[in-house]
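Report on the structure given below.
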Amino acid sequence: MVINVHREIIMQDKTKSSMAAKAATTASPAASHAGVQVLGEQGSEGRKAFYIHIEALPGKEQQVMQMLRDIRDCVEHEPATGPWFAVRLAPTTFAIFEAFPDLAGRQAHVEGGGGDIFRDLTRMNAILAFPAQVHRADVLMSKDSFAHLPQ
C-alpha cells in the first residue's frame, strides 16, 4: 500500500513537472513583468551607486542599446549623477554602473528621466527578458579619473 501511494505521488510530481515545462515553452516570450526590481538597502549617508543588470529578449539587443543611449542622454543633465557606464557582458546581457555623491543625488536620479524610462512598463516588457535588477550599493573606494599615459 505504501509503495503504491509513493509511486502515485511520484507520477503526480512527474505529471506536474511535465505540465509546467509545457506551459513554460508555450508561454508568451514577452510575458508581462514589473520592468524593474530594486535590491538592497538604502544605506546610511555617503557616496552611493547603482549596479543595474539588464537582460534583453533575444532579437531586442538594438532596442536595449537605444534604451541605454536614452538613459545616458537623461543623466547628462543630472548634476548629482557622477560616473556613469553602460556595458555589455554578453550578446543579450547589459549593465549600468552609476555613482552619486549621496542619497539625495541617487534619489533625484530615480525620480528623473532615467527612472522614467524604467517605469515605462510597455517598453520594458517589449525588450527585457525579465525586470532590470537594480542593486543599491555604497561606494567604499574609487578612482574618479583616468590616468593619462605619457606619449
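Naming works like this for the C-alpha cells: A, B, ... for the chains as they're shown, residue 1 at the start of each chain, ligands 1 onward in shown order.
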
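For region 133-137 of chain A, the set of protein, DNA and RNA residues having any atom at most 10 Å away, when counting only C-alpha atoms and skipping those fewer than 5 positions along the same chain, is Gly35, Val36, Gln37, Val38, Leu39, Gly40, Glu41, Gln42, Gly43, Arg47, Lys48, Ala49, Phe50, Tyr51, Ile52, His53, Ile54, Glu55, Ala95, Ile96, Phe97, Glu98, Ala99 and Arg106 of chain A.
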
Report as number ranges by chain all protein, DNA and RNA residues lying within 7 Å of region 122-131 of chain A, evaluated on only C-alpha atoms, omitting residues in the same chain fewer than 3 positions from it. A: 30, 32-37, 55-57, 60, 63-64, 118

Saved selection, atoms kept: C-alpha atoms, as a PDB file, in the first residue's frame:
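Output file result34.pdb follows:
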ATOM      1  CA  ALA A  30       7.177  38.767 -23.709  1.00  0.00           C
ATOM      2  CA  SER A  32       4.445  40.863 -18.505  1.00  0.00           C
ATOM      3  CA  HIS A  33       6.860  41.808 -15.713  1.00  0.00           C
ATOM      4  CA  ALA A  34       7.419  44.727 -13.349  1.00  0.00           C
ATOM      5  CA  GLY A  35      10.089  46.408 -15.506  1.00  0.00           C
ATOM      6  CA  VAL A  36      12.499  46.869 -12.612  1.00  0.00           C
ATOM      7  CA  GLN A  37      13.352  45.076  -9.370  1.00  0.00           C
ATOM      8  CA  GLU A  55      18.815  41.068 -19.926  1.00  0.00           C
ATOM      9  CA  ALA A  56      17.446  41.713 -23.426  1.00  0.00           C
ATOM     10  CA  LEU A  57      14.917  39.478 -25.070  1.00  0.00           C
ATOM     11  CA  LYS A  60      15.856  43.052 -28.945  1.00  0.00           C
ATOM     12  CA  GLN A  63      16.350  48.336 -28.671  1.00  0.00           C
ATOM     13  CA  VAL A  64      18.189  47.838 -25.361  1.00  0.00           C
ATOM     14  CA  PHE A 118      12.462  52.093 -16.399  1.00  0.00           C
TER      15      PHE A 118
END

Might you pull out every residue within 10 Å of Leu68 (chain A), with only C-alpha atoms counted and same-chain residues fewer than 2 positions away left off, and present them as a list in words? Gln62, Gln63, Val64, Met65, Gln66, Asp70, Ile71, Arg72, Asp73, Cys74, Phe85, Ala86, Val87, Phe94, Ala95, Ile96, Gly114 and Ile117 of chain A

Write to file, as a JSON list (two decimals), in the first residue's frame, the residues of the selection just made, with N, CA and C atoms.
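Resulting contents of selection.json:
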[["chain", "number", "residue", "atom", "x", "y", "z"],
["A", 62, "GLN", "N", 19.29, 45.66, -30.01],
["A", 62, "GLN", "CA", 19.42, 47.04, -30.51],
["A", 62, "GLN", "C", 18.47, 47.99, -29.78],
["A", 63, "GLN", "N", 17.29, 47.50, -29.43],
["A", 63, "GLN", "CA", 16.35, 48.34, -28.67],
["A", 63, "GLN", "C", 16.88, 48.60, -27.26],
["A", 64, "VAL", "N", 17.57, 47.62, -26.67],
["A", 64, "VAL", "CA", 18.19, 47.84, -25.36],
["A", 64, "VAL", "C", 19.32, 48.85, -25.50],
["A", 65, "MET", "N", 20.11, 48.75, -26.57],
["A", 65, "MET", "CA", 21.17, 49.74, -26.81],
["A", 65, "MET", "C", 20.56, 51.15, -26.91],
["A", 66, "GLN", "N", 19.43, 51.27, -27.59],
["A", 66, "GLN", "CA", 18.77, 52.58, -27.69],
["A", 66, "GLN", "C", 18.29, 53.04, -26.32],
["A", 70, "ASP", "N", 19.24, 56.48, -24.46],
["A", 70, "ASP", "CA", 18.22, 57.39, -23.92],
["A", 70, "ASP", "C", 18.48, 57.70, -22.45],
["A", 71, "ILE", "N", 18.88, 56.69, -21.68],
["A", 71, "ILE", "CA", 19.20, 56.91, -20.27],
["A", 71, "ILE", "C", 20.42, 57.81, -20.15],
["A", 72, "ARG", "N", 21.45, 57.55, -20.96],
["A", 72, "ARG", "CA", 22.65, 58.40, -20.92],
["A", 72, "ARG", "C", 22.30, 59.86, -21.22],
["A", 73, "ASP", "N", 21.43, 60.08, -22.20],
["A", 73, "ASP", "CA", 21.00, 61.44, -22.51],
["A", 73, "ASP", "C", 20.36, 62.11, -21.30],
["A", 74, "CYS", "N", 19.60, 61.35, -20.53],
["A", 74, "CYS", "CA", 18.97, 61.90, -19.31],
["A", 74, "CYS", "C", 20.01, 62.24, -18.26],
["A", 85, "PHE", "N", 28.39, 54.36, -16.51],
["A", 85, "PHE", "CA", 28.89, 53.44, -17.53],
["A", 85, "PHE", "C", 27.79, 52.47, -17.93],
["A", 86, "ALA", "N", 27.62, 52.28, -19.22],
["A", 86, "ALA", "CA", 26.79, 51.20, -19.75],
["A", 86, "ALA", "C", 27.76, 50.20, -20.37],
["A", 87, "VAL", "N", 27.58, 48.92, -20.05],
["A", 87, "VAL", "CA", 28.49, 47.89, -20.55],
["A", 87, "VAL", "C", 27.69, 46.71, -21.10],
["A", 94, "PHE", "N", 23.42, 43.17, -20.50],
["A", 94, "PHE", "CA", 23.96, 44.52, -20.37],
["A", 94, "PHE", "C", 23.95, 44.91, -18.90],
["A", 95, "ALA", "N", 24.64, 46.00, -18.58],
["A", 95, "ALA", "CA", 24.62, 46.51, -17.22],
["A", 95, "ALA", "C", 24.90, 48.01, -17.25],
["A", 96, "ILE", "N", 24.45, 48.67, -16.20],
["A", 96, "ILE", "CA", 24.76, 50.08, -15.97],
["A", 96, "ILE", "C", 25.41, 50.15, -14.60],
["A", 114, "GLY", "N", 15.90, 58.96, -16.34],
["A", 114, "GLY", "CA", 16.32, 57.56, -16.39],
["A", 114, "GLY", "C", 15.32, 56.67, -15.67],
["A", 117, "ILE", "N", 12.28, 56.09, -17.75],
["A", 117, "ILE", "CA", 12.46, 55.07, -18.79],
["A", 117, "ILE", "C", 12.18, 53.68, -18.20]]

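Residues with any atom within 7 Å of Gly46 (chain A), counting only C-alpha atoms and excluding same-chain neighbours fewer than 3 positions away, are Pro101, Asp102 and Leu103 of chain A.
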
Those same residues - N, CA and C atoms - I'd like them written as an mmCIF file, in the first residue's frame.
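Output contents, as saved in part32.cif:
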data_model
loop_
_atom_site.group_PDB
_atom_site.id
_atom_site.type_symbol
_atom_site.label_atom_id
_atom_site.label_comp_id
_atom_site.auth_asym_id
_atom_site.auth_seq_id
_atom_site.Cartn_x
_atom_site.Cartn_y
_atom_site.Cartn_z
ATOM 1 N N PRO A 101 26.907 61.342 -5.276
ATOM 2 C CA PRO A 101 27.620 61.830 -4.098
ATOM 3 C C PRO A 101 26.927 61.480 -2.785
ATOM 4 N N ASP A 102 25.617 61.205 -2.838
ATOM 5 C CA ASP A 102 24.871 60.971 -1.600
ATOM 6 C C ASP A 102 23.494 60.383 -1.914
ATOM 7 N N LEU A 103 22.722 60.122 -0.852
ATOM 8 C CA LEU A 103 21.382 59.564 -1.006
ATOM 9 C C LEU A 103 20.467 60.482 -1.813
#

The residue from A:Val139, A:Phe100, A:Val110, A:Glu61 with the smallest atom-to-atom distance to Pro83 (chain A), counting only C-alpha atoms, is A:Phe100

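The gap separating CA of Pro79 (chain A) from CA of Gly105 (chain A) is 8.2 Å, in Å to one decimal.
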
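One finds CA of Ala132 (chain A) at 16.0 Å from CA of Gly113 (chain A).
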
DSSP on the backbone, then: every residue of region 55-120 of chain A marked helix (DSSP H, G or I), written as a VMD selection string. chain A and resid 61 to 75 103 to 111 113 to 119
